[in-house]
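Shown next: my_file-v7.txt, containing compact mmCIF, C-alpha atoms.
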```txt
# COMPACT_ATOMS: atom_id res chain seq x y z
CA MET A 285 106.99 138.17 144.00
CA GLY A 286 107.54 134.89 142.18
CA ALA A 287 108.73 131.67 143.71
CA ASP A 288 112.35 130.50 143.64
CA LEU A 289 112.17 129.09 140.13
CA THR A 290 115.20 126.89 140.65
CA ASP A 291 112.78 124.74 142.65
CA PHE A 292 111.04 123.84 139.38
CA PRO A 293 113.36 121.71 137.22
CA ILE A 294 112.47 121.44 133.52
CA HIS A 295 112.56 118.27 131.43
CA PRO A 296 111.65 117.50 127.79
CA LEU A 297 108.54 115.35 127.34
CA THR A 298 110.07 112.01 126.41
CA PRO A 299 108.16 108.69 126.41
CA ASP A 300 109.32 107.85 129.93
CA ARG A 301 107.60 111.02 131.20
CA TRP A 302 104.26 110.37 129.52
CA ASP A 303 102.56 109.38 132.79
CA ASP A 304 103.60 112.69 134.34
CA PHE A 305 102.20 114.61 131.37
CA GLU A 306 98.98 112.61 131.43
CA HIS A 307 98.53 113.33 135.13
CA LEU A 308 99.07 117.06 134.53
CA PHE A 309 96.51 117.20 131.72
CA GLY A 310 94.10 114.83 133.46
CA PRO A 311 93.75 111.28 132.04
CA GLU A 312 90.25 112.04 130.74
CA LYS A 313 90.20 115.84 130.68
CA GLY A 314 93.09 116.50 128.29
CA ALA A 315 93.73 120.05 129.55
CA ASN A 316 91.82 122.93 127.95
CA GLY A 317 88.75 121.58 126.18
CA GLY A 318 90.26 118.12 125.76
CA CYS A 319 92.87 119.51 123.40
CA TRP A 320 95.77 117.24 124.36
CA CYS A 321 97.96 119.89 122.73
CA GLN A 322 96.74 119.03 119.23
CA TRP A 323 95.02 122.36 118.45
CA HIS A 324 97.98 123.65 116.45
CA ARG A 325 98.98 120.28 114.98
CA LEU A 326 95.77 118.97 113.41
CA PRO A 327 93.45 120.46 110.76
CA ARG A 328 90.21 121.60 112.40
CA ARG A 329 88.07 118.87 110.82
CA GLU A 330 90.44 116.14 111.99
CA PHE A 331 90.79 117.74 115.43
CA LYS A 332 87.01 117.67 115.95
CA ALA A 333 86.57 114.19 114.49
CA LEU A 334 89.13 112.62 116.81
CA GLU A 335 87.48 113.78 120.03
CA ARG A 336 89.41 113.61 123.30
CA SER A 337 90.52 109.99 123.21
CA GLY A 338 91.78 110.29 119.65
CA ARG A 339 93.67 113.50 120.41
CA LYS A 340 95.28 111.83 123.39
CA GLY A 341 96.41 108.99 121.15
CA ALA A 342 97.75 111.46 118.60
CA MET A 343 99.76 113.23 121.29
CA GLN A 344 101.13 109.98 122.67
CA ALA A 345 102.22 108.95 119.17
CA CYS A 346 103.89 112.34 118.75
CA VAL A 347 105.83 111.82 121.98
CA ARG A 348 106.89 108.32 120.99
CA ARG A 349 107.98 109.48 117.55
CA GLY A 350 109.98 112.42 118.87
CA PRO A 351 111.53 114.87 119.07
CA PRO A 352 109.98 115.98 122.39
CA PRO A 353 107.01 118.25 121.61
CA GLY A 354 107.51 120.36 124.70
CA LEU A 355 108.81 120.76 128.21
CA LEU A 356 107.48 119.90 131.67
CA ALA A 357 108.18 121.84 134.86
CA TYR A 358 108.25 119.84 138.08
CA ALA A 359 107.64 120.50 141.75
CA GLY A 360 109.30 117.49 143.30
CA ASP A 361 108.03 114.47 141.38
CA LEU A 362 104.88 116.24 140.19
CA ALA A 363 104.64 117.82 136.74
CA VAL A 364 103.01 121.20 137.36
CA ALA A 365 103.38 123.11 134.08
CA TRP A 366 103.84 122.57 130.35
CA VAL A 367 105.00 124.50 127.32
CA ALA A 368 104.66 123.23 123.75
CA ILE A 369 107.59 124.00 121.45
CA ALA A 370 108.07 122.66 117.93
CA PRO A 371 109.32 123.57 114.47
CA ARG A 372 106.75 125.57 112.54
CA VAL A 373 106.47 122.74 110.05
CA ASP A 374 105.20 120.44 112.82
CA VAL A 375 102.43 122.82 113.88
CA PRO A 376 100.78 123.62 110.53
CA VAL A 377 97.71 125.27 112.03
CA PHE A 378 99.96 127.73 113.82
CA ASP A 379 102.08 128.16 110.70
CA ARG A 380 99.05 129.09 108.60
CA GLY A 381 97.14 130.96 111.30
CA LYS A 382 95.86 134.49 110.76
CA VAL A 383 97.90 135.92 113.65
CA SER A 384 100.76 133.42 113.65
CA ALA A 385 101.67 132.92 109.97
CA PRO A 386 105.29 133.70 109.05
CA ALA A 387 106.23 137.36 109.01
CA GLU A 388 106.71 139.02 105.64
CA ASP A 389 110.38 139.68 106.40
CA GLY A 390 111.18 136.07 105.47
CA HIS A 391 113.01 135.35 108.72
CA SER A 392 110.47 132.85 110.04
CA ASN A 393 112.05 130.06 107.98
CA GLY A 394 113.38 127.34 110.25
CA ALA A 395 111.94 128.97 113.35
CA LEU A 396 110.69 127.02 116.32
CA ALA A 397 107.35 128.08 117.76
CA ILE A 398 105.96 128.21 121.27
CA THR A 399 102.28 127.44 120.83
CA CYS A 400 100.78 126.92 124.28
CA PHE A 401 101.17 126.70 128.04
CA TYR A 402 99.26 124.71 130.63
CA LEU A 403 99.74 125.12 134.39
CA ARG A 404 98.10 123.50 137.37
CA LEU A 405 95.85 126.07 139.02
CA VAL A 406 97.70 126.33 142.34
CA TRP A 407 101.05 126.83 140.56
CA ARG A 408 99.93 129.79 138.48
CA LYS A 409 101.18 133.35 139.02
CA LEU A 410 104.53 132.08 140.31
CA GLY A 411 106.61 132.96 137.24
CA LEU A 412 106.49 129.51 135.66
CA MET A 413 105.60 130.87 132.22
CA ARG A 414 108.86 132.82 132.27
CA ARG A 415 110.77 129.80 133.58
CA LEU A 416 109.40 127.56 130.83
CA THR A 417 110.10 130.17 128.16
CA GLN A 418 113.70 130.46 129.31
CA ALA A 419 114.02 126.68 129.06
CA ALA A 420 112.45 126.74 125.59
CA ILE A 421 115.05 129.29 124.50
CA VAL A 422 117.80 126.94 125.66
CA GLU A 423 116.23 124.07 123.71
CA ALA A 424 115.87 126.17 120.57
CA ARG A 425 119.51 127.24 120.75
CA ALA A 426 120.61 123.65 121.29
CA ALA A 427 118.65 122.67 118.20
CA GLY A 428 120.43 125.31 116.12
CA ALA A 429 117.18 127.11 115.31
CA PRO A 430 117.60 130.61 113.85
CA SER A 431 114.77 131.99 115.97
CA LEU A 432 111.96 131.25 118.36
CA GLU A 433 108.49 132.69 117.68
CA VAL A 434 105.21 133.03 119.55
CA ALA A 435 101.84 134.63 118.86
CA ALA A 436 101.25 135.70 122.45
CA ILE A 437 98.32 137.67 123.81
CA ASP A 438 98.77 141.34 124.65
CA PRO A 439 95.61 141.97 126.67
CA ASP A 440 93.88 145.33 126.77
CA LYS A 441 91.61 144.07 129.55
CA THR A 442 91.49 141.34 132.16
CA LEU A 443 91.95 137.97 130.55
CA THR A 444 89.02 135.60 130.48
CA SER A 445 89.46 131.96 131.45
CA GLY A 446 91.80 130.11 129.10
CA GLU A 447 92.92 133.10 127.02
CA GLY A 448 96.44 133.07 128.39
CA PHE A 449 97.29 129.60 127.07
CA VAL A 450 99.13 131.16 124.11
CA GLY A 451 101.46 133.04 126.46
CA LEU A 452 101.54 136.63 127.68
CA ALA A 453 103.30 139.17 125.49
CA SER A 454 104.73 140.94 128.54
CA VAL A 455 106.63 137.79 129.55
CA PHE A 456 108.19 137.42 126.11
CA ARG A 457 108.94 141.11 125.79
CA ALA A 458 110.89 141.01 129.06
CA LEU A 459 112.97 138.13 127.68
CA GLY A 460 113.99 140.00 124.53
CA PHE A 461 111.31 138.92 122.05
CA GLU A 462 110.36 141.62 119.56
CA LYS A 463 107.16 142.18 117.60
CA VAL A 464 107.60 141.24 113.94
CA ALA A 465 103.94 141.36 112.86
CA ARG A 466 100.59 142.35 114.31
CA ARG A 467 97.51 141.15 112.46
CA SER A 468 95.35 141.46 115.55
CA PRO A 469 95.30 144.19 118.21
CA ARG A 470 95.78 141.62 120.97
CA ARG A 471 97.98 138.96 119.31
CA PRO A 472 101.39 140.18 118.11
CA LEU A 473 103.72 137.73 116.42
CA MET A 474 106.94 137.96 118.43
CA ARG A 475 110.41 136.63 117.72
CA LEU A 476 113.67 136.07 119.54
CA SER A 477 116.61 135.86 117.15
CA LEU A 478 119.11 133.13 118.00
CA LEU A 479 121.48 133.64 115.07
CA ASP A 480 124.29 134.85 117.32
CA GLU A 481 124.10 131.75 119.47
CA SER A 482 125.97 128.51 118.78
CA PRO A 483 124.29 125.10 119.16
CA THR A 484 125.23 123.49 122.47
CA GLY A 485 123.50 120.15 122.47
CA SER A 486 120.71 117.95 121.16
CA GLY A 487 117.33 119.29 120.17
CA PHE A 488 114.59 119.22 117.57
```
Re-express the file's structure as structure tokens.
Amino acid sequence: MGADLTDFPIHPLTPDRWDDFEHLFGPEKGANGGCWCQWHRLPRREFKALERSGRKGAMQACVRRGPPPGLLAYAGDLAVAWVAIAPRVDVPVFDRGKVSAPAEDGHSNGALAITCFYLRLVWRKLGLMRRLTQAAIVEARAAGAPSLEVAAIDPDKTLTSGEGFVGLASVFRALGFEKVARRSPRRPLMRLSLLDESPTGSGF
């Protein structure tokens, strides 16, 4: 059974929350493999050339420039989980990826994309991926996006370390996302249509 998810408020990553984000990722570590959430934003050659410190700087510049590139979940004053959400145009590696490229139905235009999650170890398996996804849906609706997409993993075996960072297909399926393409047995492109929803606030 998951935790009471109302105990984990969600906030966009704005410049005033950078220190919280940095603490979550680890000032030197940069989360998975020193990515600093640049894996889907930077061409591979540039990603490798920047190394960890350069990727950190790129992410900080992204936060300063806005709009917020994702959402933080908190336990008290501690940021414990992260989801990256952005327009497809802002995550070109995702947009051109083999499993995540726009679907042939033409309805990926203008979509926002969820590209990754990162959770502190002791706060995993509490339902925070679902909580963050629900918050991302709210943000996408507020932004007036036509849809929200994700190339989640649909495992046919136990996940190895780090594989779940793209999100679990079962979580998205339970929230109404539907498969719109499958170029890999384990990585369906999934979409939640938001066309029936009216914008309710600020966003991307």
- Query: If you count all atoms listed in the file, which residues fall within 8 Å of segment 358-368 of chain A, apart from same-chain ones fewer than 2 positions away, as a PyMOL selection string?
  - Reply: chain A and resi 291-294+304-305+307-308+321+353-356+370+398-404+407+412+416-417+420
Could those residues be written to a file, using C-alpha atoms, as a compact mmCIF listing (two decimals), in the frame of the given file?
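The new file part.txt reads:
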```txt
# COMPACT_ATOMS: atom_id res chain seq x y z
CA ASP A 291 112.78 124.74 142.65
CA PHE A 292 111.04 123.84 139.38
CA PRO A 293 113.36 121.71 137.22
CA ILE A 294 112.47 121.44 133.52
CA ASP A 304 103.60 112.69 134.34
CA PHE A 305 102.20 114.61 131.37
CA HIS A 307 98.53 113.33 135.13
CA LEU A 308 99.07 117.06 134.53
CA CYS A 321 97.96 119.89 122.73
CA PRO A 353 107.01 118.25 121.61
CA GLY A 354 107.51 120.36 124.70
CA LEU A 355 108.81 120.76 128.21
CA LEU A 356 107.48 119.90 131.67
CA ALA A 370 108.07 122.66 117.93
CA ILE A 398 105.96 128.21 121.27
CA THR A 399 102.28 127.44 120.83
CA CYS A 400 100.78 126.92 124.28
CA PHE A 401 101.17 126.70 128.04
CA TYR A 402 99.26 124.71 130.63
CA LEU A 403 99.74 125.12 134.39
CA ARG A 404 98.10 123.50 137.37
CA TRP A 407 101.05 126.83 140.56
CA LEU A 412 106.49 129.51 135.66
CA LEU A 416 109.40 127.56 130.83
CA THR A 417 110.10 130.17 128.16
CA ALA A 420 112.45 126.74 125.59
```
- Spatial neighbours of Pro311 of chain A, max dist 10 Å, all atoms listed in the file, sep filter under 5 positions, as a list in words: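 Here the answer would be Asp303, Phe305, Glu306, Gly318, Trp320, Ser337 and Lys340 of chain A.
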- Using all atoms listed in the file, give me every residue within 12 Å of (100.8, 137.3, 116.2) in file coordinates, as a PyMOL selection string. chain A and resi 378-387+397-399+433-438+450-453+462-475
Dump as a PDB file, keeping the file's coordinate frame, selection limited to C-alpha atoms:
```pdb
ATOM      1  CA  PHE A 378      99.960 127.730 113.820  1.00  0.00           C
ATOM      2  CA  ASP A 379     102.080 128.160 110.700  1.00  0.00           C
ATOM      3  CA  ARG A 380      99.050 129.090 108.600  1.00  0.00           C
ATOM      4  CA  GLY A 381      97.140 130.960 111.300  1.00  0.00           C
ATOM      5  CA  LYS A 382      95.860 134.490 110.760  1.00  0.00           C
ATOM      6  CA  VAL A 383      97.900 135.920 113.650  1.00  0.00           C
ATOM      7  CA  SER A 384     100.760 133.420 113.650  1.00  0.00           C
ATOM      8  CA  ALA A 385     101.670 132.920 109.970  1.00  0.00           C
ATOM      9  CA  PRO A 386     105.290 133.700 109.050  1.00  0.00           C
ATOM     10  CA  ALA A 387     106.230 137.360 109.010  1.00  0.00           C
ATOM     11  CA  ALA A 397     107.350 128.080 117.760  1.00  0.00           C
ATOM     12  CA  ILE A 398     105.960 128.210 121.270  1.00  0.00           C
ATOM     13  CA  THR A 399     102.280 127.440 120.830  1.00  0.00           C
ATOM     14  CA  GLU A 433     108.490 132.690 117.680  1.00  0.00           C
ATOM     15  CA  VAL A 434     105.210 133.030 119.550  1.00  0.00           C
ATOM     16  CA  ALA A 435     101.840 134.630 118.860  1.00  0.00           C
ATOM     17  CA  ALA A 436     101.250 135.700 122.450  1.00  0.00           C
ATOM     18  CA  ILE A 437      98.320 137.670 123.810  1.00  0.00           C
ATOM     19  CA  ASP A 438      98.770 141.340 124.650  1.00  0.00           C
ATOM     20  CA  VAL A 450      99.130 131.160 124.110  1.00  0.00           C
ATOM     21  CA  GLY A 451     101.460 133.040 126.460  1.00  0.00           C
ATOM     22  CA  LEU A 452     101.540 136.630 127.680  1.00  0.00           C
ATOM     23  CA  ALA A 453     103.300 139.170 125.490  1.00  0.00           C
ATOM     24  CA  GLU A 462     110.360 141.620 119.560  1.00  0.00           C
ATOM     25  CA  LYS A 463     107.160 142.180 117.600  1.00  0.00           C
ATOM     26  CA  VAL A 464     107.600 141.240 113.940  1.00  0.00           C
ATOM     27  CA  ALA A 465     103.940 141.360 112.860  1.00  0.00           C
ATOM     28  CA  ARG A 466     100.590 142.350 114.310  1.00  0.00           C
ATOM     29  CA  ARG A 467      97.510 141.150 112.460  1.00  0.00           C
ATOM     30  CA  SER A 468      95.350 141.460 115.550  1.00  0.00           C
ATOM     31  CA  PRO A 469      95.300 144.190 118.210  1.00  0.00           C
ATOM     32  CA  ARG A 470      95.780 141.620 120.970  1.00  0.00           C
ATOM     33  CA  ARG A 471      97.980 138.960 119.310  1.00  0.00           C
ATOM     34  CA  PRO A 472     101.390 140.180 118.110  1.00  0.00           C
ATOM     35  CA  LEU A 473     103.720 137.730 116.420  1.00  0.00           C
ATOM     36  CA  MET A 474     106.940 137.960 118.430  1.00  0.00           C
ATOM     37  CA  ARG A 475     110.410 136.630 117.720  1.00  0.00           C
TER      38      ARG A 475
END
```
- Using all atoms listed in the file, the best pick from A:Phe449, A:Ala429, A:Ala342, A:Pro376 as closest to Ala315 of chain A would be A:Phe449
- Message: Measuring between all atoms listed in the file, which one of A:Glu447, A:Ser477, A:Arg301, A:Ala458 shows the shortest distance to Pro352 of chain A?
- Response: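 Selected residue with least distance to Pro352 of chain A: A:Arg301.
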Spatial neighbours of Leu478 of chain A, 10 Å, only C-alpha atoms, chain gap at least 4 places, as a PDB file with C-alpha atoms, in the frame of the given file:
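Now in part.pdb:
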```
ATOM      1  CA  ALA A 395     111.940 128.970 113.350  1.00  0.00           C
ATOM      2  CA  ILE A 421     115.050 129.290 124.500  1.00  0.00           C
ATOM      3  CA  VAL A 422     117.800 126.940 125.660  1.00  0.00           C
ATOM      4  CA  ALA A 424     115.870 126.170 120.570  1.00  0.00           C
ATOM      5  CA  ARG A 425     119.510 127.240 120.750  1.00  0.00           C
ATOM      6  CA  GLY A 428     120.430 125.310 116.120  1.00  0.00           C
ATOM      7  CA  ALA A 429     117.180 127.110 115.310  1.00  0.00           C
ATOM      8  CA  PRO A 430     117.600 130.610 113.850  1.00  0.00           C
ATOM      9  CA  SER A 431     114.770 131.990 115.970  1.00  0.00           C
ATOM     10  CA  LEU A 432     111.960 131.250 118.360  1.00  0.00           C
ATOM     11  CA  SER A 482     125.970 128.510 118.780  1.00  0.00           C
ATOM     12  CA  PRO A 483     124.290 125.100 119.160  1.00  0.00           C
TER      13      PRO A 483
END
```
- Query: Hey, can you check how far atom CA of Glu335 of chain A sits from atom CA of Gly310 of chain A?
  - Reply: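 Taking atom CA of Glu335 of chain A as the start and atom CA of Gly310 of chain A as the end point, the length is 15.0 Å.
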- Have a look at A:Met413, A:Asp300, A:Arg339, A:Gly350 and name the one nearest to Arg325 of chain A; count all atoms listed in the file.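 Answer, going by the shortest atom-to-atom distance: A:Arg339.
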- Item | Shortest interatomic distance to Ile369 of chain A - which of A:Pro296, A:Gly448, A:Gly411, A:Gly341, counting all atoms listed in the file | A:Pro296
- Task: Report the distance between atom CA of Cys319 of chain A and atom CA of Trp302 of chain A in Å, rounded to one decimal place.
- Result: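 Taking atom CA of Cys319 of chain A as the start and atom CA of Trp302 of chain A as the end point, the length is 15.8 Å.
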- Message: Restricting the calculation to only C-alpha atoms: of A:Gly460, A:Ala357, A:Leu326, A:Arg372, which residue gets closest to Ala419 of chain A?
- Response: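 Among the listed residues, the smallest separation from Ala419 of chain A belongs to A:Ala357.
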- Quote the spacing between atom CA of Gly390 of chain A and atom CA of Ala427 of chain A in Å to one decimal place.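 It comes out at 19.9 Å.
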Centre, edges in Å (one decimal): axis-aligned box, segment 397-403 of chain A, 3 Å padding on all six sides, as JSON:
```
{"center_x": 103.3, "center_y": 126.5, "center_z": 126.1, "size_x": 14.1, "size_y": 9.5, "size_z": 22.6}
```
